[in-house]
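Engineer: Pasting protein06.csv below, which is CSV, C-alpha atoms and all ligand atoms.
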```csv
chain,number,residue,atom,x,y,z
A,103,MET,CA,29.2,-24.9,8.7
A,104,LYS,CA,26.3,-23.3,10.6
A,105,ASP,CA,26.7,-19.5,10.9
A,106,VAL,CA,25.3,-18.8,14.4
A,107,TYR,CA,24.3,-15.3,15.3
A,108,ASP,CA,24.1,-13.9,18.8
A,109,VAL,CA,20.7,-12.5,18.2
A,110,THR,CA,18.2,-12.7,15.3
A,111,ILE,CA,15.6,-10.1,15.1
A,112,ILE,CA,12.3,-10.9,13.4
A,113,GLY,CA,10.9,-7.7,11.9
A,114,GLY,CA,12.7,-4.6,10.7
A,115,GLY,CA,10.3,-1.9,12.0
A,116,PRO,CA,11.1,0.7,14.7
A,117,ALA,CA,11.4,-2.1,17.4
A,118,GLY,CA,13.6,-4.3,15.2
A,119,LEU,CA,15.9,-1.6,13.9
A,120,TYR,CA,16.4,-0.1,17.4
A,121,SER,CA,17.1,-3.7,18.7
A,122,ALA,CA,19.7,-4.1,15.9
A,123,PHE,CA,21.4,-0.8,16.9
A,124,TYR,CA,21.3,-1.6,20.6
A,125,SER,CA,22.6,-5.1,20.1
A,126,GLY,CA,25.5,-3.6,18.1
A,127,LEU,CA,26.2,-1.3,21.0
A,128,ARG,CA,26.3,-4.4,23.2
A,129,GLU,CA,28.7,-6.0,20.8
A,130,MET,CA,26.5,-8.8,19.6
A,131,LYS,CA,26.5,-10.4,16.2
A,132,VAL,CA,23.1,-9.4,14.7
A,133,LYS,CA,20.7,-10.5,12.0
A,134,ILE,CA,17.4,-8.9,10.9
A,135,ILE,CA,14.8,-10.7,8.9
A,136,ASP,CA,11.8,-9.0,7.4
A,137,VAL,CA,9.2,-10.2,4.9
A,138,GLN,CA,8.9,-6.8,3.2
A,139,PRO,CA,11.3,-5.6,0.4
A,140,GLU,CA,12.3,-2.6,2.6
A,141,LEU,CA,13.1,-1.9,6.2
A,142,GLY,CA,10.9,0.5,8.3
A,143,GLY,CA,7.9,-1.6,9.3
A,144,LYS,CA,4.6,0.2,9.5
A,145,VAL,CA,6.3,3.6,9.1
A,146,ARG,CA,6.5,2.7,5.4
A,147,LEU,CA,2.7,3.1,5.3
A,148,TYR,CA,2.7,6.8,6.2
A,149,PRO,CA,5.7,8.4,4.4
A,150,GLU,CA,4.0,11.8,4.1
A,151,LYS,CA,2.6,12.1,7.6
A,152,VAL,CA,4.5,14.1,10.1
A,153,ILE,CA,5.6,12.5,13.4
A,154,TRP,CA,5.8,14.8,16.4
A,155,ASP,CA,5.9,12.6,19.4
A,156,VAL,CA,9.3,11.0,19.4
A,157,GLY,CA,11.3,12.6,22.2
A,158,GLY,CA,13.9,15.1,21.2
A,159,MET,CA,13.1,14.7,17.5
A,160,PRO,CA,11.8,17.7,15.5
A,161,PRO,CA,8.6,17.1,13.5
A,162,THR,CA,9.7,14.7,10.8
A,163,THR,CA,7.9,13.0,7.9
A,164,GLY,CA,7.5,9.2,8.1
A,165,ASP,CA,9.8,8.8,5.1
A,166,GLU,CA,12.6,10.9,6.6
A,167,PHE,CA,12.1,9.2,10.0
A,168,ARG,CA,12.3,5.8,8.4
A,169,LYS,CA,15.6,6.8,6.7
A,170,GLN,CA,17.0,7.9,10.1
A,171,LEU,CA,15.8,4.7,11.8
A,172,ILE,CA,17.5,2.6,9.1
A,173,GLU,CA,20.8,4.5,9.3
A,174,GLN,CA,20.8,4.0,13.1
A,175,GLY,CA,19.7,0.4,12.8
A,176,LEU,CA,22.4,-0.5,10.4
A,177,ARG,CA,25.2,1.4,12.3
A,178,PHE,CA,26.9,-1.9,13.3
A,179,ASP,CA,26.4,-3.7,10.0
A,180,PRO,CA,23.9,-6.4,10.9
A,181,ALA,CA,23.1,-9.0,8.4
A,182,VAL,CA,19.8,-8.1,6.7
A,183,HIS,CA,17.5,-10.6,5.0
A,184,LEU,CA,14.6,-8.8,3.2
A,185,ASP,CA,11.7,-10.4,1.3
A,186,THR,CA,12.0,-13.3,3.7
A,187,LYS,CA,9.1,-14.6,5.7
A,188,VAL,CA,9.8,-16.3,9.0
A,189,THR,CA,7.5,-19.3,9.0
A,190,SER,CA,8.5,-21.0,12.3
A,191,PHE,CA,11.3,-21.6,14.8
A,192,ASP,CA,12.4,-24.2,17.3
A,193,ARG,CA,14.4,-23.9,20.5
A,194,LEU,CA,17.1,-26.6,20.5
A,195,ASP,CA,18.3,-28.6,23.6
A,196,ASP,CA,21.4,-26.3,23.9
A,197,GLY,CA,19.1,-23.3,24.3
A,198,SER,CA,19.8,-21.9,20.9
A,199,PHE,CA,17.3,-21.4,18.0
A,200,VAL,CA,16.8,-22.6,14.5
A,201,ILE,CA,14.6,-20.2,12.5
A,202,TYR,CA,12.8,-21.3,9.4
A,203,THR,CA,11.9,-19.0,6.6
A,204,ASP,CA,10.3,-19.3,3.1
A,205,LYS,CA,13.8,-19.2,1.7
A,206,ASP,CA,16.3,-20.7,4.1
A,207,THR,CA,17.2,-21.6,7.6
A,208,HIS,CA,19.0,-19.4,10.2
A,209,TYR,CA,20.7,-20.2,13.5
A,210,SER,CA,20.9,-18.0,16.5
A,211,LYS,CA,21.7,-18.0,20.2
A,212,SER,CA,18.7,-15.8,21.0
A,213,VAL,CA,15.7,-14.3,19.2
A,214,ILE,CA,14.0,-11.0,19.4
A,215,MET,CA,10.5,-11.1,18.0
A,216,ALA,CA,9.6,-7.6,16.7
A,217,ALA,CA,7.0,-8.5,14.2
A,218,GLY,CA,4.5,-5.7,15.0
A,219,GLY,CA,1.0,-6.5,13.9
A,220,GLY,CA,2.3,-9.4,11.8
A,221,ILE,CA,2.5,-9.3,8.0
A,222,ILE,CA,0.3,-6.5,7.0
A,223,THR,CA,-1.2,-6.2,3.5
A,224,PRO,CA,-3.8,-3.6,2.4
A,225,GLN,CA,-7.3,-5.0,1.7
A,226,LYS,CA,-7.6,-4.9,-2.0
A,227,LEU,CA,-10.6,-3.4,-3.8
A,228,ASN,CA,-13.0,-6.2,-4.5
A,229,VAL,CA,-13.8,-5.2,-8.1
A,230,THR,CA,-13.0,-7.3,-11.2
A,231,GLY,CA,-9.8,-6.1,-13.0
A,232,ALA,CA,-8.8,-3.6,-10.3
A,233,ASP,CA,-5.3,-5.0,-10.0
A,234,ARG,CA,-4.4,-3.9,-13.5
A,235,PHE,CA,-4.6,-0.2,-12.4
A,236,GLU,CA,-2.2,-0.7,-9.4
A,237,LEU,CA,0.8,0.4,-11.4
A,238,THR,CA,-1.0,3.6,-12.6
A,239,ASN,CA,-3.7,5.5,-10.7
A,240,LEU,CA,-5.1,3.0,-8.1
A,241,HIS,CA,-3.4,3.5,-4.7
A,242,TYR,CA,-3.4,1.6,-1.5
A,243,THR,CA,-0.9,3.8,0.2
A,244,ILE,CA,0.1,7.4,-0.6
A,245,GLN,CA,3.8,7.9,-1.3
A,246,ALA,CA,3.8,11.5,-2.4
A,247,LEU,CA,1.1,14.1,-1.9
A,248,ASP,CA,2.3,16.2,-4.8
A,249,ARG,CA,1.1,13.6,-7.3
A,250,PHE,CA,-2.5,14.6,-6.4
A,251,LYS,CA,-2.1,18.3,-6.9
A,252,GLY,CA,-5.0,19.9,-8.8
A,253,LYS,CA,-6.5,16.4,-9.6
A,254,LYS,CA,-9.9,14.8,-9.2
A,255,VAL,CA,-9.3,12.3,-6.5
A,256,LEU,CA,-11.7,9.6,-5.1
A,257,VAL,CA,-11.0,8.2,-1.6
A,258,SER,CA,-12.8,5.0,-0.8
A,259,GLY,CA,-13.2,3.8,2.8
A,260,GLY,CA,-15.0,4.7,6.0
A,261,GLY,CA,-12.3,4.2,8.6
A,262,ASN,CA,-9.7,6.3,10.4
A,263,ALA,CA,-7.1,6.2,7.7
A,264,ALA,CA,-9.5,6.9,4.8
A,265,VAL,CA,-10.9,10.0,6.7
A,266,ASP,CA,-7.3,11.1,7.3
A,267,TRP,CA,-6.4,10.8,3.7
A,268,ALA,CA,-9.5,12.6,2.5
A,269,ASN,CA,-8.7,15.5,4.8
A,270,GLU,CA,-5.0,15.6,4.0
A,271,LEU,CA,-5.6,15.5,0.2
A,272,SER,CA,-8.4,18.1,0.2
A,273,PRO,CA,-6.2,21.3,0.2
A,274,ILE,CA,-4.0,19.7,-2.5
A,275,ALA,CA,-6.5,18.0,-4.9
A,276,GLY,CA,-8.6,20.0,-7.4
A,277,GLU,CA,-11.7,18.1,-6.4
A,278,ILE,CA,-12.1,15.3,-3.8
A,279,PHE,CA,-14.8,12.7,-3.4
A,280,HIS,CA,-15.1,10.4,-0.4
A,281,VAL,CA,-17.2,7.2,-0.7
A,282,TYR,CA,-17.9,4.8,2.1
A,283,ARG,CA,-20.3,2.0,2.8
A,284,LYS,CA,-21.4,3.1,6.2
A,285,GLU,CA,-23.9,5.9,7.0
A,286,GLU,CA,-21.2,7.7,9.0
A,287,PRO,CA,-17.4,7.5,8.7
A,288,THR,CA,-15.5,6.5,11.8
A,289,GLY,CA,-12.4,8.2,12.8
A,290,HIS,CA,-11.0,10.6,15.3
A,291,GLU,CA,-13.7,13.1,16.3
A,292,ALA,CA,-11.8,16.1,15.2
A,293,GLU,CA,-10.9,14.5,11.8
A,294,VAL,CA,-14.5,13.6,11.1
A,295,ALA,CA,-15.6,17.1,12.0
A,296,ARG,CA,-13.0,18.6,9.7
A,297,LEU,CA,-14.2,16.3,6.9
A,298,LYS,CA,-17.7,17.5,7.3
A,299,ARG,CA,-16.7,21.1,7.1
A,300,GLY,CA,-15.8,20.5,3.4
A,301,PRO,CA,-14.7,20.8,0.7
A,302,VAL,CA,-14.7,17.0,0.5
A,303,GLN,CA,-17.8,15.7,-1.4
A,304,SER,CA,-19.1,12.8,0.7
A,305,PHE,CA,-21.1,9.8,-0.6
A,306,PRO,CA,-22.2,7.7,2.3
A,307,CYS,CA,-23.8,4.2,1.8
A,308,THR,CA,-21.9,4.0,-1.4
A,309,ARG,CA,-19.5,1.4,-2.9
A,310,ILE,CA,-17.3,1.1,-6.0
A,311,THR,CA,-18.7,-1.5,-8.5
A,312,GLU,CA,-16.6,-0.9,-11.5
A,313,LEU,CA,-13.4,0.9,-12.7
A,314,LYS,CA,-13.5,2.1,-16.3
A,315,ALA,CA,-10.2,2.8,-18.2
A,316,GLY,CA,-9.8,5.9,-20.3
A,317,SER,CA,-8.8,5.9,-23.9
A,318,ASP,CA,-5.2,4.8,-23.1
A,319,GLY,CA,-6.6,1.7,-21.5
A,320,ARG,CA,-4.1,2.0,-18.7
A,321,LYS,CA,-5.6,4.5,-16.2
A,322,ILE,CA,-8.9,4.6,-14.4
A,323,ALA,CA,-11.0,7.5,-15.9
A,324,LEU,CA,-14.4,6.7,-14.5
A,325,VAL,CA,-15.6,5.0,-11.3
A,326,VAL,CA,-19.0,3.4,-11.3
A,327,LEU,CA,-20.7,3.6,-7.9
A,328,GLU,CA,-23.8,2.1,-6.3
A,329,ARG,CA,-25.6,3.9,-3.5
A,330,ASP,CA,-28.1,2.3,-1.2
A,331,CYS,CA,-30.6,5.2,-1.6
A,332,VAL,CA,-30.2,5.6,-5.4
A,333,THR,CA,-31.6,2.8,-7.7
A,334,GLU,CA,-29.4,3.5,-10.7
A,335,PRO,CA,-25.6,3.2,-10.5
A,336,PHE,CA,-23.8,6.5,-11.2
A,337,GLU,CA,-20.3,7.5,-12.4
A,338,LEU,CA,-17.6,9.9,-11.3
A,339,GLU,CA,-14.8,11.2,-13.5
A,340,VAL,CA,-11.5,10.8,-11.7
A,341,ASP,CA,-7.7,11.2,-12.1
A,342,GLU,CA,-6.7,9.2,-9.0
A,343,VAL,CA,-8.3,6.6,-6.8
A,344,VAL,CA,-7.2,5.9,-3.2
A,345,VAL,CA,-8.5,2.8,-1.5
A,346,SER,CA,-8.2,2.6,2.2
A,347,HIS,CA,-10.2,-0.5,3.3
A,348,GLY,CA,-8.0,-1.6,6.2
A,349,TYR,CA,-5.4,-4.3,6.4
A,350,GLU,CA,-5.1,-8.1,6.4
A,351,ARG,CA,-2.9,-9.4,9.2
A,352,ASP,CA,-1.0,-12.7,9.0
A,353,MET,CA,0.0,-13.7,12.5
A,354,GLU,CA,0.6,-17.4,11.7
A,355,LEU,CA,4.1,-17.2,13.2
A,356,LEU,CA,2.8,-16.5,16.7
A,357,GLN,CA,-0.1,-18.9,16.5
A,358,GLN,CA,2.1,-22.0,16.2
A,359,LYS,CA,3.6,-21.8,19.7
A,360,LYS,CA,0.8,-19.7,21.2
A,361,GLU,CA,0.7,-21.4,24.6
A,362,GLU,CA,4.4,-21.7,25.1
A,363,ILE,CA,5.1,-18.0,24.1
A,364,GLY,CA,2.1,-16.6,25.9
A,365,VAL,CA,0.0,-15.2,23.1
A,366,SER,CA,-3.3,-13.5,23.9
A,367,ASP,CA,-6.5,-14.3,21.9
A,368,ASP,CA,-6.1,-11.1,20.0
A,369,GLY,CA,-2.6,-12.0,18.9
A,370,VAL,CA,-0.1,-10.1,21.0
A,371,ILE,CA,2.5,-11.5,23.3
A,372,LEU,CA,1.7,-11.1,27.0
A,373,GLY,CA,5.2,-10.8,28.1
A,374,GLY,CA,7.3,-9.2,30.9
A,375,SER,CA,8.0,-5.4,30.8
A,376,ASP,CA,11.7,-6.5,30.3
A,377,GLY,CA,10.8,-8.2,27.0
A,378,THR,CA,10.8,-11.8,28.3
A,379,THR,CA,8.3,-14.3,26.9
A,380,GLY,CA,7.3,-17.8,27.9
A,381,ILE,CA,10.2,-19.3,26.0
A,382,PRO,CA,13.7,-18.7,27.5
A,383,GLY,CA,15.9,-17.0,24.9
A,384,LEU,CA,13.0,-15.6,23.0
A,385,PHE,CA,12.3,-11.9,23.7
A,386,ALA,CA,9.8,-9.5,22.3
A,387,ALA,CA,9.6,-5.8,21.6
A,388,GLY,CA,7.3,-3.2,20.0
A,389,ASP,CA,3.7,-3.4,19.0
A,390,LEU,CA,3.4,-7.2,19.3
A,391,LEU,CA,4.3,-7.1,23.0
A,392,ARG,CA,1.8,-6.1,25.7
A,393,HIS,CA,2.8,-5.5,29.4
A,394,ASP,CA,1.7,-3.2,32.2
A,395,GLY,CA,2.7,0.3,31.3
A,396,LYS,CA,3.1,-0.5,27.6
A,397,LEU,CA,3.0,2.5,25.2
A,398,ASN,CA,2.0,1.5,21.7
A,399,LEU,CA,4.1,4.3,20.2
A,400,ILE,CA,7.5,4.4,18.5
A,401,ALA,CA,8.9,5.6,21.9
A,402,GLY,CA,7.4,2.4,23.5
A,403,ALA,CA,9.0,0.3,20.8
A,404,PHE,CA,12.4,1.8,21.5
A,405,HIS,CA,12.1,1.2,25.3
A,406,ASP,CA,11.0,-2.4,24.7
A,407,ALA,CA,13.9,-3.0,22.3
A,408,ALA,CA,16.6,-1.9,24.7
A,409,ASN,CA,15.1,-4.1,27.4
A,410,ALA,CA,14.9,-7.1,25.0
A,411,VAL,CA,18.5,-6.7,23.9
A,412,ASN,CA,19.7,-6.4,27.5
A,413,GLN,CA,17.9,-9.7,28.3
A,414,ALA,CA,19.2,-11.4,25.2
A,415,LYS,CA,22.8,-10.3,26.1
A,416,GLN,CA,22.5,-11.8,29.5
A,417,TYR,CA,20.9,-15.0,28.1
A,418,ILE,CA,23.9,-15.7,25.9
A,419,GLU,CA,26.4,-14.3,28.4
A,420,PRO,CA,25.1,-14.7,31.9
A,421,ASP,CA,28.0,-12.7,33.4
A,422,ALA,CA,27.4,-9.7,31.1
A,423,MET,CA,26.3,-6.4,32.6
A,424,LYS,CA,22.5,-6.1,33.1
A,425,TYR,CA,22.4,-2.8,31.1
A,426,GLY,CA,24.4,-1.4,28.2
A,427,MET,CA,26.8,1.5,28.8
A,428,VAL,CA,25.2,4.8,27.8
A,429,SER,CA,26.3,5.9,24.3
A,430,SER,CA,28.0,9.2,25.5
A,431,HIS,CA,30.5,7.2,27.6
A,432,ASN,CA,30.7,4.1,25.4
A,433,ASP,CA,33.9,3.3,23.6
A,434,ARG,CA,32.0,1.6,20.9
A,435,PHE,CA,31.4,5.1,19.4
A,436,LYS,CA,34.9,6.5,20.0
A,437,ASP,CA,36.1,6.6,16.4
A,438,TRP,CA,32.8,7.9,15.1
A,439,ASN,CA,32.8,10.6,17.8
A,440,GLU,CA,36.2,11.8,16.7
A,441,LYS,CA,35.0,12.1,13.1
A,442,ILE,CA,31.8,13.9,14.2
A,443,LYS,CA,33.8,16.3,16.3
A,444,ALA,CA,36.3,16.9,13.5
A,445,GLN,CA,33.5,17.6,11.0
A,446,ARG,CA,31.9,20.1,13.3
A,447,ASN,CA,35.2,21.6,14.1
A,448,CYS,CA,34.3,21.4,17.7
A,449,THR,CA,36.6,23.5,19.9
A,450,ILE,CA,35.0,23.1,23.3
A,451,CYS,CA,34.9,19.3,23.4
A,501,LIG,C1,-0.9,5.6,10.0
A,501,LIG,C2,-0.1,5.4,11.3
A,501,LIG,C3,0.5,6.5,11.9
A,501,LIG,C4,1.2,6.4,13.0
A,501,LIG,N1,1.8,7.5,13.6
A,501,LIG,C5,2.5,7.4,14.7
A,501,LIG,C6,3.1,8.6,15.4
A,501,LIG,O1,2.9,9.7,14.9
A,501,LIG,N2,3.9,8.4,16.5
A,501,LIG,C7,4.1,7.1,17.0
A,501,LIG,O2,4.8,7.0,18.0
A,501,LIG,N3,3.6,6.0,16.5
A,501,LIG,C8,2.8,6.1,15.3
A,501,LIG,N4,2.3,5.0,14.8
A,501,LIG,C9,2.5,3.7,15.4
A,501,LIG,C10,3.9,3.2,15.0
A,501,LIG,O3,4.1,3.2,13.6
A,501,LIG,C11,4.1,1.7,15.6
A,501,LIG,O4,3.9,1.8,17.0
A,501,LIG,C12,5.5,1.2,15.2
A,501,LIG,O5,5.7,1.1,13.8
A,501,LIG,C13,5.6,-0.2,15.9
A,501,LIG,O6,6.9,-0.7,15.5
A,501,LIG,P1,7.2,-2.3,15.5
A,501,LIG,O7,8.6,-2.4,15.0
A,501,LIG,O8,6.8,-2.9,16.8
A,501,LIG,O9,6.2,-2.9,14.4
A,501,LIG,P2,6.0,-2.7,12.8
A,501,LIG,O10,6.4,-1.3,12.5
A,501,LIG,O11,4.7,-3.2,12.5
A,501,LIG,O12,7.2,-3.6,12.2
A,501,LIG,C14,7.0,-5.0,12.2
A,501,LIG,C15,7.8,-5.6,11.0
A,501,LIG,O13,7.8,-7.0,11.2
A,501,LIG,C16,7.7,-7.6,9.9
A,501,LIG,N5,7.2,-9.0,10.0
A,501,LIG,C17,6.0,-9.3,10.6
A,501,LIG,N6,5.8,-10.7,10.6
A,501,LIG,C18,6.9,-11.2,9.9
A,501,LIG,C19,7.4,-12.5,9.6
A,501,LIG,N7,6.6,-13.6,9.9
A,501,LIG,N8,8.5,-12.6,8.9
A,501,LIG,C20,9.3,-11.5,8.7
A,501,LIG,N9,9.0,-10.3,9.0
A,501,LIG,C21,7.8,-10.1,9.6
A,501,LIG,C22,6.8,-6.7,9.2
A,501,LIG,O14,6.9,-6.8,7.8
A,501,LIG,C23,7.2,-5.3,9.7
A,501,LIG,O15,8.2,-4.7,8.8
A,501,LIG,C24,1.5,5.1,13.6
A,501,LIG,C25,0.9,4.0,13.0
A,501,LIG,C26,0.2,4.1,11.8
A,501,LIG,C27,-0.4,2.9,11.2
```
The structure in this file should be written as structure tokens.
Ligand SMILES: Cc1cc2nc3c(=O)[nH]c(=O)nc-3n(C[C@H](O)[C@H](O)[C@H](O)COP(=O)(O)OP(=O)(O)OC[C@H]3O[C@@H](n4cnc5c(N)ncnc54)[C@H](O)[C@@H]3O)c2cc1C
Structural biologist:
Amino acid sequence: MKDVYDVTIIGGGPAGLYSAFYSGLREMKVKIIDVQPELGGKVRLYPEKVIWDVGGMPPTTGDEFRKQLIEQGLRFDPAVHLDTKVTSFDRLDDGSFVIYTDKDTHYSKSVIMAAGGGIITPQKLNVTGADRFELTNLHYTIQALDRFKGKKVLVSGGGNAAVDWANELSPIAGEIFHVYRKEEPTGHEAEVARLKRGPVQSFPCTRITELKAGSDGRKIALVVLERDCVTEPFELEVDEVVVSHGYERDMELLQQKKEEIGVSDDGVILGGSDGTTGIPGLFAAGDLLRHDGKLNLIAGAFHDAANAVNQAKQYIEPDAMKYGMVSSHNDRFKDWNEKIKAQRNCTIC
């Protein structure tokens, strides 16, 4: 028999996780599907960066924030399918949805699309044999800054993220090289100025042409570089290599029903500020939704998510309240509140 969910959320980033929490608050049966092996969306890409601009939250690392997001998102025990790519969906005559993935088929009364910038994978270094170092000292994201302490680190890439990493690693690394193909790196003005103040050693108009392993055969020991203004290739001794050459985006899912959903040429949903799209029962939230007053921030993703859930609730139950009851007065939290109060030995409440 088909197991039909009230709402299926495509994407387990901030928008998807908050949608799952809010759907639980509104007593809906929820499922989250994400192609990645872990929840958290793009926040997985910046575990060591500190987030300051989420209201009411003290400065928190990406990793810590992601854990908190997941804890909140899973509060009402949604079904979670990871490592699962949503490939397409159809709206059936009864207004419900069938969702196709690379593994199986799912059924839902409504859908919230929270797929961010699509399936994001880092651009790999285009050098023969580079992939064999991915398990040792070739990095496409930085999981722990401590690993680079006192080491010779080479950062490759001329964009925003590469500039950020070079700056962030410079007080930690023993020596730091920054190579990029352009004459000037691009990035936030202040970050580029910081980079230029040193101690990062910059190599403009330069690209990696070869990675040479050390005597153990497992780790990169030398990076061969070519520079436009220098005829002969040259080598740098390194302990760690960080490659930040941007991301590839797979937005195939949105392209299939582009006209019906209302997808712009640059691949975002031009929806309502309440999360509605061109397809009844399909709602959107987070980075993939654009509307007047949209904030492409985590705070904006949360706002979208609550709106999308309220719309989904009304879609499947037209008599339901337009908005969810605030959490402080909501009986859904009653038992947990008692436990929290007991733990804190709260005498005034
Ligand atoms: C380096 C960096 C630093 C940032 N710092 C801040 C900050 O300090 N403050 C702030 O407010 N914002 C920050 N942001 C922006 C913030 O991370 C995004 O606004 C937020 O992650 C958007 O959430 P989302 O859920 O809409 O999308 P995402 O986080 O992109 O999540 C989308 C999820 O959908 C999944 N998905 C996509 N397509 C499919 C598919 N076909 N099938 C299954 N799953 C799919 C993806 O795997 C992903 O997990 C930063 C972004 C970056 C890159």
Engineer: Pick from A:Trp267, A:Phe191, A:Tyr107, A:Phe178: nearest to Tyr148 (chain A), with all atoms listed in the file counted?
Structural biologist: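 The closest residue to Tyr148 (chain A) is A:Trp267.
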Engineer: Hey, which bits of chain A sit within 7 Å of ligand LIG 501 (chain A), and for each residue what's the closest pair of atoms and how far apart in Å (one decimal), counting only C-alpha atoms and all ligand atoms, rows by chain and increasing number, as CSV?
Structural biologist:
```
residue,atom,partner,partner_atom,distance
A:Ile112,CA,A:LIG501,N9,5.5
A:Gly113,CA,A:LIG501,O13,3.3
A:Gly114,CA,A:LIG501,O15,4.9
A:Gly115,CA,A:LIG501,O7,3.5
A:Pro116,CA,A:LIG501,O7,4.0
A:Ala117,CA,A:LIG501,O7,3.7
A:Gly118,CA,A:LIG501,O7,5.4
A:Ile135,CA,A:LIG501,C20,5.6
A:Asp136,CA,A:LIG501,N9,3.5
A:Val137,CA,A:LIG501,C20,4.0
A:Gln138,CA,A:LIG501,O14,5.0
A:Leu141,CA,A:LIG501,O15,6.2
A:Gly142,CA,A:LIG501,O15,5.9
A:Gly143,CA,A:LIG501,O15,3.2
A:Lys144,CA,A:LIG501,O10,3.8
A:Val145,CA,A:LIG501,O3,5.0
A:Leu147,CA,A:LIG501,C1,6.4
A:Tyr148,CA,A:LIG501,C1,5.4
A:Val152,CA,A:LIG501,O1,6.7
A:Ile153,CA,A:LIG501,O1,4.2
A:Trp154,CA,A:LIG501,O1,6.1
A:Asp155,CA,A:LIG501,N2,5.5
A:Val156,CA,A:LIG501,O2,6.2
A:Thr186,CA,A:LIG501,C20,6.0
A:Lys187,CA,A:LIG501,N8,3.8
A:Val188,CA,A:LIG501,N8,3.9
A:Thr189,CA,A:LIG501,N7,5.8
A:Ala216,CA,A:LIG501,O8,5.5
A:Ala217,CA,A:LIG501,O13,3.4
A:Gly218,CA,A:LIG501,O9,3.3
A:Gly219,CA,A:LIG501,O11,5.2
A:Gly220,CA,A:LIG501,C17,3.9
A:Ile221,CA,A:LIG501,C17,4.4
A:Ile222,CA,A:LIG501,O14,6.7
A:Ala263,CA,A:LIG501,C1,6.6
A:Met353,CA,A:LIG501,N6,6.8
A:Leu355,CA,A:LIG501,N7,5.5
A:Ala387,CA,A:LIG501,O8,6.3
A:Gly388,CA,A:LIG501,O8,3.3
A:Asp389,CA,A:LIG501,O8,3.8
A:Leu390,CA,A:LIG501,O8,6.0
A:Asn398,CA,A:LIG501,O4,5.1
A:Leu399,CA,A:LIG501,O2,3.6
A:Ile400,CA,A:LIG501,O2,3.8
A:Ala401,CA,A:LIG501,O2,5.8
A:Ala403,CA,A:LIG501,O8,5.6
```
Engineer: Those same residues, written as an mmCIF file, in the coordinates of the input with C-alpha atoms?
Structural biologist:
```cif
data_model
loop_
_atom_site.group_PDB
_atom_site.id
_atom_site.type_symbol
_atom_site.label_atom_id
_atom_site.label_comp_id
_atom_site.auth_asym_id
_atom_site.auth_seq_id
_atom_site.Cartn_x
_atom_site.Cartn_y
_atom_site.Cartn_z
ATOM 1 C CA ILE A 112 12.300 -10.900 13.400
ATOM 2 C CA GLY A 113 10.900 -7.700 11.900
ATOM 3 C CA GLY A 114 12.700 -4.600 10.700
ATOM 4 C CA GLY A 115 10.300 -1.900 12.000
ATOM 5 C CA PRO A 116 11.100 0.700 14.700
ATOM 6 C CA ALA A 117 11.400 -2.100 17.400
ATOM 7 C CA GLY A 118 13.600 -4.300 15.200
ATOM 8 C CA ILE A 135 14.800 -10.700 8.900
ATOM 9 C CA ASP A 136 11.800 -9.000 7.400
ATOM 10 C CA VAL A 137 9.200 -10.200 4.900
ATOM 11 C CA GLN A 138 8.900 -6.800 3.200
ATOM 12 C CA LEU A 141 13.100 -1.900 6.200
ATOM 13 C CA GLY A 142 10.900 0.500 8.300
ATOM 14 C CA GLY A 143 7.900 -1.600 9.300
ATOM 15 C CA LYS A 144 4.600 0.200 9.500
ATOM 16 C CA VAL A 145 6.300 3.600 9.100
ATOM 17 C CA LEU A 147 2.700 3.100 5.300
ATOM 18 C CA TYR A 148 2.700 6.800 6.200
ATOM 19 C CA VAL A 152 4.500 14.100 10.100
ATOM 20 C CA ILE A 153 5.600 12.500 13.400
ATOM 21 C CA TRP A 154 5.800 14.800 16.400
ATOM 22 C CA ASP A 155 5.900 12.600 19.400
ATOM 23 C CA VAL A 156 9.300 11.000 19.400
ATOM 24 C CA THR A 186 12.000 -13.300 3.700
ATOM 25 C CA LYS A 187 9.100 -14.600 5.700
ATOM 26 C CA VAL A 188 9.800 -16.300 9.000
ATOM 27 C CA THR A 189 7.500 -19.300 9.000
ATOM 28 C CA ALA A 216 9.600 -7.600 16.700
ATOM 29 C CA ALA A 217 7.000 -8.500 14.200
ATOM 30 C CA GLY A 218 4.500 -5.700 15.000
ATOM 31 C CA GLY A 219 1.000 -6.500 13.900
ATOM 32 C CA GLY A 220 2.300 -9.400 11.800
ATOM 33 C CA ILE A 221 2.500 -9.300 8.000
ATOM 34 C CA ILE A 222 0.300 -6.500 7.000
ATOM 35 C CA ALA A 263 -7.100 6.200 7.700
ATOM 36 C CA MET A 353 0.000 -13.700 12.500
ATOM 37 C CA LEU A 355 4.100 -17.200 13.200
ATOM 38 C CA ALA A 387 9.600 -5.800 21.600
ATOM 39 C CA GLY A 388 7.300 -3.200 20.000
ATOM 40 C CA ASP A 389 3.700 -3.400 19.000
ATOM 41 C CA LEU A 390 3.400 -7.200 19.300
ATOM 42 C CA ASN A 398 2.000 1.500 21.700
ATOM 43 C CA LEU A 399 4.100 4.300 20.200
ATOM 44 C CA ILE A 400 7.500 4.400 18.500
ATOM 45 C CA ALA A 401 8.900 5.600 21.900
ATOM 46 C CA ALA A 403 9.000 0.300 20.800
#
```
Engineer: Counting all atoms listed in the file, which residue out of A:Leu256, A:Leu171, A:Met423, A:Ala386 sits closest to Ile214 (chain A)?
Structural biologist: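 Smallest separation from Ile214 (chain A) among the options: A:Ala386.
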Engineer: Restricting the calculation to all atoms listed in the file: of A:Glu342, A:Asp206, A:Ile322, A:Ser258, which residue gets closest to Gln303 (chain A)?
Structural biologist: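 Using all atoms listed in the file, the shortest distance to Gln303 (chain A) belongs to A:Ser258.
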Engineer: Which distance in Å separates CA of Ala295 (chain A) and CA of Phe250 (chain A), to one decimal?
Structural biologist: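 Between these atoms lies a distance of 22.7 Å.
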